[in-house]
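Data file: data29.txt. Format and content: compact mmCIF, C-alpha atoms and all ligand atoms.
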# COMPACT_ATOMS: atom_id res chain seq x y z
CA MET A 1 -6.73 186.48 125.25
CA ILE A 2 -6.95 182.72 125.70
CA PRO A 3 -4.92 181.57 128.74
CA TYR A 4 -3.15 178.18 128.88
CA ALA A 5 -5.22 177.23 131.92
CA ARG A 6 -8.16 178.60 133.87
CA GLN A 7 -10.28 177.34 136.76
CA ALA A 8 -13.94 176.42 136.29
CA VAL A 9 -16.11 177.64 139.19
CA THR A 10 -19.84 176.95 139.22
CA GLN A 11 -22.76 178.31 141.24
CA ALA A 12 -22.73 175.04 143.21
CA ASP A 13 -19.10 175.76 144.18
CA ILE A 14 -20.02 179.27 145.30
CA ASP A 15 -22.99 177.99 147.31
CA ALA A 16 -20.80 175.41 149.03
CA VAL A 17 -18.30 178.07 150.05
CA VAL A 18 -20.99 180.47 151.25
CA GLU A 19 -22.52 177.73 153.36
CA VAL A 20 -19.23 177.29 155.22
CA LEU A 21 -18.91 181.05 155.69
CA ARG A 22 -22.25 181.01 157.50
CA SER A 23 -21.35 177.96 159.59
CA GLU A 24 -19.67 177.48 162.95
CA PHE A 25 -16.17 176.58 161.72
CA LEU A 26 -13.93 178.30 159.20
CA THR A 27 -11.04 175.99 160.04
CA GLN A 28 -10.61 172.67 161.88
CA GLY A 29 -14.26 171.70 161.44
CA PRO A 30 -16.00 168.78 159.74
CA VAL A 31 -15.53 169.78 156.09
CA VAL A 32 -11.79 169.05 155.74
CA PRO A 33 -12.22 165.44 156.94
CA ARG A 34 -15.14 165.06 154.52
CA PHE A 35 -12.96 166.28 151.66
CA GLU A 36 -10.18 163.89 152.70
CA GLN A 37 -12.64 161.02 152.89
CA ALA A 38 -14.02 161.83 149.45
CA VAL A 39 -10.58 161.91 147.81
CA ALA A 40 -9.43 158.76 149.63
CA SER A 41 -12.51 156.81 148.57
CA ARG A 42 -12.19 157.98 144.95
CA THR A 43 -8.56 156.96 144.70
CA GLY A 44 -8.70 153.89 146.92
CA SER A 45 -6.00 155.05 149.30
CA ARG A 46 -6.41 154.37 153.02
CA HIS A 47 -5.47 157.86 154.23
CA ALA A 48 -5.65 161.40 152.88
CA VAL A 49 -4.11 164.42 154.58
CA ALA A 50 -5.31 167.81 153.28
CA VAL A 51 -2.91 170.74 153.45
CA ASN A 52 -2.68 174.31 152.15
CA SER A 53 -0.67 173.43 149.02
CA ALA A 54 0.97 170.55 147.20
CA THR A 55 4.28 172.13 148.14
CA SER A 56 3.39 171.71 151.82
CA ALA A 57 2.26 168.15 151.13
CA LEU A 58 5.59 167.32 149.47
CA HIS A 59 7.44 168.85 152.43
CA ILE A 60 5.63 166.92 155.17
CA ALA A 61 5.73 163.75 153.06
CA CYS A 62 9.53 163.99 152.94
CA MET A 63 9.68 164.75 156.67
CA ALA A 64 7.38 161.85 157.51
CA MET A 65 9.70 159.53 155.58
CA GLY A 66 12.61 160.80 157.65
CA LEU A 67 14.48 162.78 154.98
CA LYS A 68 17.29 164.78 156.57
CA ALA A 69 20.70 166.34 156.00
CA GLY A 70 23.07 163.82 154.51
CA ASP A 71 20.27 162.07 152.57
CA VAL A 72 19.61 162.35 148.84
CA LEU A 73 16.31 162.98 147.02
CA TRP A 74 15.95 162.41 143.28
CA THR A 75 13.35 163.86 140.97
CA VAL A 76 13.13 164.85 137.29
CA PRO A 77 14.26 168.22 135.88
CA ASN A 78 11.06 168.48 133.81
CA THR A 79 8.85 169.63 136.67
CA PHE A 80 7.88 172.57 138.81
CA VAL A 81 10.60 173.55 141.30
CA ALA A 82 8.53 172.32 144.28
CA SER A 83 9.23 168.64 143.38
CA ALA A 84 12.91 169.28 144.13
CA ASN A 85 12.64 171.98 146.79
CA CYS A 86 10.92 169.58 149.23
CA GLY A 87 14.24 167.75 149.50
CA ARG A 88 16.12 170.98 150.18
CA TYR A 89 13.61 171.99 152.92
CA CYS A 90 14.75 168.87 154.80
CA GLY A 91 18.41 169.69 154.29
CA ALA A 92 18.87 166.80 151.87
CA GLU A 93 20.88 166.88 148.67
CA VAL A 94 18.83 166.90 145.45
CA ASP A 95 19.74 165.16 142.20
CA PHE A 96 17.84 164.50 138.97
CA VAL A 97 16.97 161.65 136.62
CA ASP A 98 16.46 162.50 132.96
CA ILE A 99 13.12 162.11 131.17
CA ASP A 100 11.88 159.83 128.41
CA PRO A 101 11.83 161.59 125.01
CA VAL A 102 8.36 160.20 124.17
CA THR A 103 6.29 160.31 127.40
CA TRP A 104 8.27 163.26 128.86
CA ASN A 105 8.02 161.47 132.24
CA LEU A 106 10.88 159.95 134.24
CA SER A 107 12.92 157.56 132.10
CA VAL A 108 13.01 154.15 133.80
CA PRO A 109 16.19 153.06 131.94
CA ALA A 110 17.89 156.32 133.00
CA LEU A 111 16.80 155.63 136.58
CA GLU A 112 18.20 152.08 136.48
CA GLU A 113 21.50 153.29 135.14
CA LYS A 114 21.79 156.03 137.74
CA LEU A 115 20.91 153.60 140.54
CA THR A 116 23.68 151.22 139.45
CA LEU A 117 26.20 154.04 139.62
CA ALA A 118 24.82 155.40 142.90
CA GLU A 119 25.02 151.98 144.54
CA ARG A 120 28.70 151.73 143.59
CA SER A 121 29.44 155.14 145.06
CA GLY A 122 27.27 154.58 148.15
CA ARG A 123 24.98 157.52 147.33
CA LEU A 124 21.62 155.86 146.76
CA PRO A 125 18.62 158.17 147.14
CA LYS A 126 16.37 157.94 150.19
CA ILE A 127 13.36 159.26 148.25
CA LEU A 128 12.49 159.36 144.54
CA VAL A 129 9.86 161.86 143.36
CA PRO A 130 8.45 160.81 139.96
CA VAL A 131 6.21 163.46 138.40
CA HIS A 132 3.07 162.73 136.35
CA PHE A 133 3.89 165.25 133.64
CA GLY A 134 0.89 166.90 132.03
CA GLY A 135 -1.46 164.39 133.69
CA GLN A 136 0.03 161.16 132.38
CA PRO A 137 0.81 158.61 135.12
CA THR A 138 4.43 157.58 135.56
CA GLU A 139 5.62 153.97 135.12
CA GLN A 140 4.99 153.29 138.78
CA GLN A 141 5.14 149.51 138.70
CA ALA A 142 8.67 149.47 137.28
CA ILE A 143 9.71 152.29 139.61
CA TRP A 144 8.31 150.40 142.61
CA GLU A 145 10.28 147.26 141.71
CA LEU A 146 13.46 149.34 141.63
CA ALA A 147 12.47 150.93 144.96
CA LYS A 148 12.23 147.49 146.55
CA ARG A 149 15.52 146.36 145.00
CA TYR A 150 17.49 149.45 146.02
CA GLY A 151 15.63 150.39 149.19
CA PHE A 152 14.38 153.89 148.46
CA ARG A 153 10.98 155.45 149.14
CA VAL A 154 8.66 156.69 146.39
CA LEU A 155 6.73 159.97 146.58
CA GLU A 156 4.52 160.45 143.51
CA ASP A 157 4.09 164.10 142.54
CA ALA A 158 0.65 163.73 140.97
CA SER A 159 -0.06 167.47 141.04
CA HIS A 160 -1.16 167.15 137.38
CA SER A 161 -3.05 163.90 137.50
CA ILE A 162 -5.99 163.58 139.89
CA GLY A 163 -8.59 161.66 137.88
CA ALA A 164 -6.02 159.81 135.74
CA THR A 165 -5.65 156.01 135.74
CA ARG A 166 -2.93 153.50 134.94
CA GLY A 167 -4.15 150.06 133.94
CA GLY A 168 -7.52 151.05 135.40
CA GLU A 169 -5.90 151.86 138.76
CA PRO A 170 -6.66 155.43 139.91
CA VAL A 171 -3.67 157.68 140.49
CA GLY A 172 -3.52 158.19 144.25
CA SER A 173 -4.16 154.55 145.17
CA CYS A 174 -0.49 154.37 146.25
CA ARG A 175 -0.35 150.78 145.09
CA TRP A 176 3.20 151.34 143.80
CA SER A 177 4.38 154.19 146.02
CA ASP A 178 4.59 155.28 149.66
CA ILE A 179 2.83 158.63 149.27
CA THR A 180 1.05 160.44 146.42
CA VAL A 181 0.52 164.21 146.34
CA PHE A 182 -2.19 166.22 144.54
CA SER A 183 -2.32 169.98 143.94
CA PHE A 184 -5.50 172.05 143.95
CA HIS A 185 -3.98 175.25 142.55
CA PRO A 186 -6.43 176.96 140.14
CA VAL A 187 -4.57 175.86 137.00
CA LYS A 188 -4.80 172.17 138.02
CA ILE A 189 -7.60 169.63 137.36
CA ILE A 190 -9.75 170.68 140.33
CA THR A 191 -9.11 173.60 142.66
CA THR A 192 -9.50 174.82 146.22
CA GLY A 193 -7.86 178.20 145.47
CA GLU A 194 -4.66 176.97 147.06
CA GLY A 195 -4.48 173.48 148.48
CA GLY A 196 -2.98 170.05 148.29
CA MET A 197 -3.32 166.55 149.63
CA ALA A 198 -1.03 163.68 150.56
CA LEU A 199 -2.38 160.13 150.18
CA THR A 200 -0.92 156.98 151.69
CA ASN A 201 -1.80 153.44 152.73
CA ASP A 202 0.75 153.55 155.56
CA ASP A 203 -0.81 154.31 158.97
CA ARG A 204 2.45 155.60 160.45
CA LEU A 205 3.14 157.99 157.58
CA ALA A 206 -0.45 159.27 157.77
CA ASP A 207 -0.12 159.91 161.53
CA ALA A 208 3.16 161.72 161.07
CA MET A 209 1.79 163.92 158.29
CA GLN A 210 -1.34 164.75 160.31
CA MET A 211 0.86 165.98 163.14
CA LEU A 212 3.35 167.79 160.91
CA ARG A 213 0.62 169.87 159.24
CA THR A 214 -0.46 171.24 162.60
CA HIS A 215 2.68 172.14 164.60
CA GLY A 216 3.57 168.57 165.50
CA ILE A 217 0.69 168.61 167.98
CA THR A 218 -1.55 165.69 168.92
CA ARG A 219 -4.79 165.88 170.91
CA ASP A 220 -5.30 162.11 170.89
CA PRO A 221 -4.97 160.83 174.50
CA SER A 222 -3.83 157.40 173.28
CA ARG A 223 -0.75 159.12 171.80
CA PHE A 224 0.27 161.22 174.79
CA THR A 225 3.79 160.39 175.84
CA ALA A 226 4.53 162.79 178.71
CA VAL A 227 1.54 161.54 180.72
CA THR A 228 2.66 157.96 180.31
CA ARG A 229 6.31 158.72 181.00
CA ASP A 230 5.61 160.60 184.22
CA SER A 231 2.68 158.27 185.06
CA MET A 232 0.50 161.27 185.74
CA PRO A 233 -3.26 161.48 185.39
CA LEU A 234 -4.55 163.21 182.27
CA PRO A 235 -4.28 166.89 183.29
CA GLY A 236 -7.56 168.08 181.74
CA GLY A 237 -9.56 168.79 178.67
CA TRP A 238 -7.17 171.52 177.58
CA TYR A 239 -4.23 169.17 177.35
CA TYR A 240 -2.35 168.50 174.11
CA GLU A 241 1.22 167.57 173.32
CA GLN A 242 3.67 168.88 170.77
CA GLN A 243 5.85 165.95 169.94
CA LEU A 244 7.54 167.05 166.70
CA LEU A 245 8.52 170.33 165.09
CA GLY A 246 5.64 170.84 162.66
CA PHE A 247 4.05 173.72 160.79
CA ASN A 248 0.71 175.38 160.22
CA TYR A 249 -0.04 173.83 156.83
CA ARG A 250 -3.77 173.32 157.47
CA LEU A 251 -6.39 173.69 154.75
CA THR A 252 -9.41 175.81 155.79
CA GLU A 253 -13.03 174.66 155.77
CA ILE A 254 -13.72 177.28 153.09
CA HIS A 255 -11.16 175.75 150.75
CA ALA A 256 -12.24 172.20 151.52
CA ALA A 257 -15.89 173.02 150.71
CA LEU A 258 -14.79 174.25 147.30
CA GLY A 259 -12.74 171.07 146.89
CA ILE A 260 -15.67 168.76 147.68
CA SER A 261 -17.88 170.60 145.23
CA GLN A 262 -15.20 170.57 142.52
CA LEU A 263 -14.49 166.88 143.07
CA GLU A 264 -18.03 166.05 141.99
CA ARG A 265 -17.14 167.21 138.49
CA LEU A 266 -13.75 165.48 138.35
CA ASP A 267 -14.77 162.79 135.85
CA ALA A 268 -16.62 165.26 133.69
CA ASN A 269 -13.61 167.60 133.73
CA VAL A 270 -11.13 164.88 132.84
CA GLY A 271 -13.54 163.73 130.11
CA ARG A 272 -13.73 167.20 128.57
CA ARG A 273 -9.94 167.59 128.82
CA ASN A 274 -9.46 164.30 126.96
CA GLU A 275 -11.98 165.39 124.33
CA LEU A 276 -10.10 168.65 123.78
CA ALA A 277 -6.79 166.77 123.61
CA GLU A 278 -8.27 164.47 120.94
CA ARG A 279 -9.37 167.50 118.92
CA TYR A 280 -5.83 168.90 119.10
CA HIS A 281 -4.34 165.53 118.07
CA ARG A 282 -6.57 165.44 115.01
CA ALA A 283 -5.91 169.05 114.08
CA PHE A 284 -2.14 168.73 114.39
CA ALA A 285 -1.70 165.31 112.75
CA GLY A 286 0.76 165.73 109.91
CA MET A 287 2.18 169.02 111.20
CA PRO A 288 5.85 169.23 112.16
CA LEU A 289 5.08 168.85 115.88
CA GLN A 290 5.70 166.15 118.45
CA LEU A 291 2.39 165.54 120.24
CA PRO A 292 1.76 164.14 123.73
CA ALA A 293 2.04 160.33 123.68
CA VAL A 294 -0.17 158.67 126.27
CA GLN A 295 0.81 155.04 126.90
CA SER A 296 -1.98 152.62 125.99
CA MET A 297 -2.60 151.45 129.58
CA ASN A 298 -2.98 155.05 130.76
CA ARG A 299 -5.77 157.57 130.85
CA SER A 300 -4.23 161.01 131.24
CA ALA A 301 -5.93 163.73 133.25
CA TYR A 302 -4.57 166.15 130.59
CA HIS A 303 -3.60 168.92 132.95
CA LEU A 304 -1.48 170.27 130.08
CA TYR A 305 -1.44 169.97 126.31
CA VAL A 306 2.22 170.33 125.37
CA VAL A 307 3.58 170.13 121.83
CA ARG A 308 7.23 170.06 120.85
CA LEU A 309 8.94 171.58 117.84
CA PRO A 310 11.19 169.15 115.96
CA GLU A 311 14.46 168.40 117.76
CA GLY A 312 17.20 170.65 116.42
CA THR A 313 14.86 173.63 116.11
CA GLY A 314 16.98 176.58 117.21
CA GLN A 315 16.17 178.46 120.39
CA GLY A 316 15.60 181.56 118.29
CA ARG A 317 12.83 179.85 116.34
CA HIS A 318 11.25 178.42 119.53
CA ARG A 319 11.21 181.88 121.03
CA ALA A 320 9.81 183.45 117.84
CA ILE A 321 6.93 180.95 117.67
CA PHE A 322 6.20 181.48 121.35
CA ASP A 323 6.17 185.27 120.97
CA ASP A 324 4.09 185.12 117.81
CA LEU A 325 1.42 182.99 119.49
CA ARG A 326 1.26 185.39 122.43
CA LYS A 327 0.93 188.25 119.94
CA ARG A 328 -2.05 186.41 118.49
CA ASP A 329 -3.56 186.43 122.01
CA ILE A 330 -2.88 182.77 122.63
CA HIS A 331 -1.22 182.83 126.02
CA VAL A 332 1.08 179.83 125.55
CA ASN A 333 3.48 178.81 128.29
CA LEU A 334 6.51 176.57 128.85
CA HIS A 335 6.41 173.47 131.00
CA TYR A 336 9.12 173.29 132.10
CA GLN A 337 12.33 175.22 132.23
CA PRO A 338 14.58 172.41 133.54
CA VAL A 339 14.82 172.77 137.32
CA HIS A 340 18.55 172.00 137.44
CA LEU A 341 19.20 175.12 135.33
CA GLN A 342 17.50 177.47 137.79
CA PRO A 343 20.04 179.83 139.39
CA TYR A 344 19.41 178.28 142.81
CA TYR A 345 20.31 174.80 141.53
CA ARG A 346 23.20 176.16 139.46
CA LEU A 347 24.68 177.46 142.72
CA LEU A 348 24.49 173.89 144.02
CA GLY A 349 26.66 172.74 141.13
CA PHE A 350 24.24 171.81 138.32
CA GLY A 351 24.68 173.06 134.79
CA PRO A 352 23.76 172.60 131.12
CA GLY A 353 24.42 169.27 129.44
CA GLN A 354 23.68 167.11 132.50
CA PHE A 355 20.13 166.08 131.57
CA PRO A 356 19.95 166.43 127.79
CA GLN A 357 16.41 165.08 127.29
CA ALA A 358 14.91 167.54 129.79
CA GLU A 359 16.99 170.32 128.28
CA THR A 360 15.80 169.49 124.74
CA HIS A 361 12.27 169.48 126.10
CA GLY A 362 12.75 172.93 127.63
CA MET A 363 14.04 174.27 124.31
CA THR A 364 11.25 172.84 122.12
CA ALA A 365 8.06 172.58 124.22
CA ILE A 366 5.06 174.89 124.02
CA THR A 367 2.02 174.53 126.27
CA LEU A 368 -1.22 175.31 124.43
CA PRO A 369 -4.47 176.33 126.11
CA LEU A 370 -6.38 173.41 127.63
CA PHE A 371 -9.03 173.83 130.31
CA VAL A 372 -12.60 172.77 130.94
CA GLY A 373 -14.12 176.09 129.90
CA LEU A 374 -12.26 176.21 126.56
CA SER A 375 -14.93 176.14 123.84
CA ASP A 376 -14.51 174.29 120.55
CA ALA A 377 -14.53 177.68 118.78
CA GLU A 378 -11.77 179.04 121.00
CA GLN A 379 -9.77 175.88 120.45
CA ASP A 380 -10.19 176.31 116.69
CA ARG A 381 -8.70 179.78 117.09
CA VAL A 382 -5.69 178.24 118.82
CA VAL A 383 -5.27 175.66 116.05
CA ASP A 384 -5.55 178.38 113.43
CA ALA A 385 -2.92 180.51 115.18
CA VAL A 386 -0.54 177.55 115.53
CA THR A 387 -0.99 176.65 111.86
CA LYS A 388 -0.29 180.21 110.74
CA THR A 389 2.68 180.59 113.08
CA LEU A 390 4.31 177.36 111.93
CA GLY A 391 3.80 178.43 108.33
CA THR A 392 5.79 181.65 108.82
C1 LIG B 1 1.64 172.87 140.80
C2 LIG B 1 2.71 171.91 141.11
C3 LIG B 1 3.27 171.77 142.39
C4 LIG B 1 2.96 172.71 143.50
O1 LIG B 1 1.63 172.79 143.77
P1 LIG B 1 1.09 173.92 144.77
O2 LIG B 1 -0.25 173.38 145.17
O3 LIG B 1 1.01 175.18 143.97
O4 LIG B 1 2.04 174.01 145.91
C5 LIG B 1 4.19 170.77 142.61
N1 LIG B 1 4.57 169.96 141.61
C6 LIG B 1 4.09 170.07 140.37
C7 LIG B 1 4.55 169.11 139.32
C8 LIG B 1 3.16 171.07 140.07
O5 LIG B 1 2.71 171.21 138.82
Could you show the structure in this file as structure tokens?
Amino acid sequence: MIPYARQAVTQADIDAVVEVLRSEFLTQGPVVPRFEQAVASRTGSRHAVAVNSATSALHIACMAMGLKAGDVLWTVPNTFVASANCGRYCGAEVDFVDIDPVTWNLSVPALEEKLTLAERSGRLPKILVPVHFGGQPTEQQAIWELAKRYGFRVLEDASHSIGATRGGEPVGSCRWSDITVFSFHPVKIITTGEGGMALTNDDRLADAMQMLRTHGITRDPSRFTAVTRDSMPLPGGWYYEQQLLGFNYRLTEIHAALGISQLERLDANVGRRNELAERYHRAFAGMPLQLPAVQSMNRSAYHLYVVRLPEGTGQGRHRAIFDDLRKRDIHVNLHYQPVHLQPYYRLLGFGPGQFPQAETHGMTAITLPLFVGLSDAEQDRVVDAVTKTLGT
């Protein structure tokens, strides 16, 4: 069986993890800051805050930007549920912006139109979460201009796109956003087992996220407020202050060691993923499939290789092709079932017909296997299976 995604773990990764296991600290030691430093310097962002998942990163990012009940967060329906759930964790209302039928990322014209309407009704979003679908960067510059014009914050969900660039600018630089989030789940570009990171150039947001990931506690004497307020001497070396209601979202040293080791192969991994994507493009040229379209200024990290059946293909046929490929031991998947059609979001009032581009995508998309360890021969088997299936 060929899965749609699989982690690549080397002996160097294993050695790095074992070294931590033999060391003084399993958590809250020197390795997490080293991992943060390494990701920040690669992406060019000022700060990096490592946490135990991208979901946690999205949550504390929203909290740091002050999202609360009564506010609105917008994202796309063509994403994993976590991009929307982070808004709900903060008690905010969630709404969606439809996707572009070619890039499958957030549609900037759809965003503009929705903003015009929202301004009229006084329901502008506080935070927008654009998602780098499949590893292709979103149109951040245009989104950022709209953010300045309408006064909302931008949280890039770059769970798919560490290692990608837009106009030569690495994803994660936060040049056109407030915060960018990466995921290190095993199916993603690099892994820590579970893990995530939030990047920002804003000192205050970084401080807030650092506290929120560890109970809202600070141990930095220059930040203590009770001591100052009561003009008391520093009580002692044990002293810390909880100033916010935070969580335990910390990443362990074990995970961070794996992350540092994996990060060393990031360029090589993204290179191999692009090579495999090119091979698919060539093999499928001329077939009745819509292929991923990477904008010319972008380099995709190719987290996913998604193809779409022609628009108007019935759901029965989509399902039959999907089942047939799985029967041929090609473990295809679907990215994504539109989030607004999940029962939880249906209960909040969403329903079919609201975001037609994302819904069409959900009815025609098929994710084919793409991962670093996929051999050319295995990929040829996938191509062969797809060719046969489409011919039936
Ligand atoms: C994987 C993923 C997440 C969640 O990542 P975790 O690290 O598993 O919490 C969020 N958003 C998108 C788009 C993802 O693909």
Neighbours of Asn78 in chain A within 10 Å (all atoms listed in the file; same-chain residues fewer than 5 positions away dropped), as a short mmCIF file (atom, residue, chain, number, x, y, z; two decimals) with C-alpha atoms, keeping the file's coordinate frame?
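Listed below is the output, part_29.cif:
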data_model
loop_
_atom_site.label_atom_id
_atom_site.label_comp_id
_atom_site.auth_asym_id
_atom_site.auth_seq_id
_atom_site.Cartn_x
_atom_site.Cartn_y
_atom_site.Cartn_z
CA SER A 83 9.23 168.64 143.38
CA PHE A 96 17.84 164.50 138.97
CA VAL A 97 16.97 161.65 136.62
CA ASP A 98 16.46 162.50 132.96
CA ILE A 99 13.12 162.11 131.17
CA TRP A 104 8.27 163.26 128.86
CA ASN A 105 8.02 161.47 132.24
CA LEU A 106 10.88 159.95 134.24
CA VAL A 131 6.21 163.46 138.40
CA PHE A 133 3.89 165.25 133.64
CA HIS A 335 6.41 173.47 131.00
CA TYR A 336 9.12 173.29 132.10
CA GLN A 337 12.33 175.22 132.23
CA PRO A 338 14.58 172.41 133.54
CA VAL A 339 14.82 172.77 137.32
CA HIS A 340 18.55 172.00 137.44
CA PHE A 355 20.13 166.08 131.57
CA GLN A 357 16.41 165.08 127.29
CA ALA A 358 14.91 167.54 129.79
CA GLU A 359 16.99 170.32 128.28
CA HIS A 361 12.27 169.48 126.10
CA GLY A 362 12.75 172.93 127.63
#
Can you work out which one of A:Ile14, A:Ala38, A:Val187, A:Ala61 has the shortest atom-to-atom distance to ligand LIG 1 (chain B), counting all atoms listed in the file?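 Nearest to ligand LIG 1 (chain B): A:Val187.
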Between CA of Ser173 in chain A and CA of Gln210 in chain A, what is the spacing in Å? 18.5 Å
Per residue of range 144-165 of chain A within 6 Å of range 295-305 of chain A, which atom pair is closest and at what distance in Å (one decimal), using all atoms listed in the file, listed by chain and increasing number, as a Markdown table?
| residue | atom | partner | partner_atom | distance |
| --- | --- | --- | --- | --- |
| A:His160 | CA | A:His303 | CA | 5.4 |
| A:Ser161 | CA | A:Ala301 | CA | 5.1 |
| A:Gly163 | CA | A:Ala301 | CA | 5.7 |
| A:Ala164 | CA | A:Ala301 | CA | 4.6 |
| A:Thr165 | CA | A:Arg299 | CA | 5.1 |
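By all atoms listed in the file, and with residues fewer than 5 positions from Pro33 in chain A along its chain excluded, the set lying at most 10 Å from it is Gln28, Ala38, Val39, Ala48, Val49, Ala50, Glu253 and Ala256 of chain A.
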Residues of range 259-302 of chain A that approach range 189-197 of chain A to 7 Å or less, counting all atoms listed in the file: could you list each one with the shortest pair of atoms and its distance in Å to one decimal, rows by chain and increasing residue number, as CSV?
residue,atom,partner,partner_atom,distance
A:Gly259,CA,A:Thr192,CA,5.0
A:Gln262,CA,A:Ile190,CA,5.9
A:Leu263,CA,A:Ile190,CA,6.7
A:Leu266,CA,A:Ile190,CA,6.9
Could you report the residues within 8 Å of ligand LIG 1 (chain B), using all atoms listed in the file, as a PDB file with C-alpha atoms, in the coordinates of the input?
ATOM      1  CA  ASN A  52      -2.680 174.310 152.150  1.00  0.00           C
ATOM      2  CA  SER A  53      -0.670 173.430 149.020  1.00  0.00           C
ATOM      3  CA  ALA A  54       0.970 170.550 147.200  1.00  0.00           C
ATOM      4  CA  THR A  55       4.280 172.130 148.140  1.00  0.00           C
ATOM      5  CA  SER A  56       3.390 171.710 151.820  1.00  0.00           C
ATOM      6  CA  ALA A  57       2.260 168.150 151.130  1.00  0.00           C
ATOM      7  CA  LEU A  58       5.590 167.320 149.470  1.00  0.00           C
ATOM      8  CA  THR A  79       8.850 169.630 136.670  1.00  0.00           C
ATOM      9  CA  PHE A  80       7.880 172.570 138.810  1.00  0.00           C
ATOM     10  CA  VAL A  81      10.600 173.550 141.300  1.00  0.00           C
ATOM     11  CA  ALA A  82       8.530 172.320 144.280  1.00  0.00           C
ATOM     12  CA  SER A  83       9.230 168.640 143.380  1.00  0.00           C
ATOM     13  CA  VAL A 131       6.210 163.460 138.400  1.00  0.00           C
ATOM     14  CA  HIS A 132       3.070 162.730 136.350  1.00  0.00           C
ATOM     15  CA  PHE A 133       3.890 165.250 133.640  1.00  0.00           C
ATOM     16  CA  ASP A 157       4.090 164.100 142.540  1.00  0.00           C
ATOM     17  CA  ALA A 158       0.650 163.730 140.970  1.00  0.00           C
ATOM     18  CA  SER A 159      -0.060 167.470 141.040  1.00  0.00           C
ATOM     19  CA  HIS A 160      -1.160 167.150 137.380  1.00  0.00           C
ATOM     20  CA  PHE A 182      -2.190 166.220 144.540  1.00  0.00           C
ATOM     21  CA  SER A 183      -2.320 169.980 143.940  1.00  0.00           C
ATOM     22  CA  PHE A 184      -5.500 172.050 143.950  1.00  0.00           C
ATOM     23  CA  HIS A 185      -3.980 175.250 142.550  1.00  0.00           C
ATOM     24  CA  VAL A 187      -4.570 175.860 137.000  1.00  0.00           C
ATOM     25  CA  LYS A 188      -4.800 172.170 138.020  1.00  0.00           C
ATOM     26  CA  GLU A 194      -4.660 176.970 147.060  1.00  0.00           C
ATOM     27  CA  GLY A 195      -4.480 173.480 148.480  1.00  0.00           C
ATOM     28  CA  GLY A 196      -2.980 170.050 148.290  1.00  0.00           C
TER      29      GLY A 196
END
Which of A:Met1, A:Leu309, A:Ala118, A:Ala12 sits closest to Glu264 in chain A [using only C-alpha atoms]: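 Going through A:Met1, A:Leu309, A:Ala118, A:Ala12 one by one, the smallest distance to Glu264 in chain A is for A:Ala12.
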What does the distance between CA of Arg273 in chain A and CA of Val332 in chain A come to in Å, to one decimal place?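 Pair CA of Arg273 in chain A / CA of Val332 in chain A returns 16.8 Å.
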Show which residues sit within 10 Å of Leu289 in chain A, as number ranges by chain. Count only C-alpha atoms, and ignore same-chain residues fewer than 4 positions away. A: 284-285, 307-311, 364-365, 390
Would you please work out which residue, of A:Glu119, A:Ile179, A:Leu155, A:Pro77, is nearest to Gln342 in chain A when using all atoms listed in the file?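 Among A:Glu119, A:Ile179, A:Leu155, A:Pro77, it is A:Pro77 that comes nearest to Gln342 in chain A.
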Which residues, protein or nucleic acid, reach to within 9 Å of (6.0, 183.2, 113.5) in the file's coordinates when using all atoms listed in the file, and can you give that as a list in words? Arg317, Ala320, Ile321, Phe322, Asp323, Asp324, Leu325, Val386, Lys388, Thr389, Leu390, Gly391 and Thr392 of chain A
Nearest residue to Leu212 in chain A out of A:Lys68, A:Arg149, A:His59, A:Arg42, using all atoms listed in the file?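 Among the listed residues, A:His59 lies closest to Leu212 in chain A.
Across the model, the gap from CA of Arg166 in chain A to CA of Glu278 in chain A is 18.6 Å.
Minimum distance to Leu146 in chain A across A:Ser45, A:Thr116, A:Ser121, A:Thr252 (counting all atoms listed in the file) occurs at A:Thr116.
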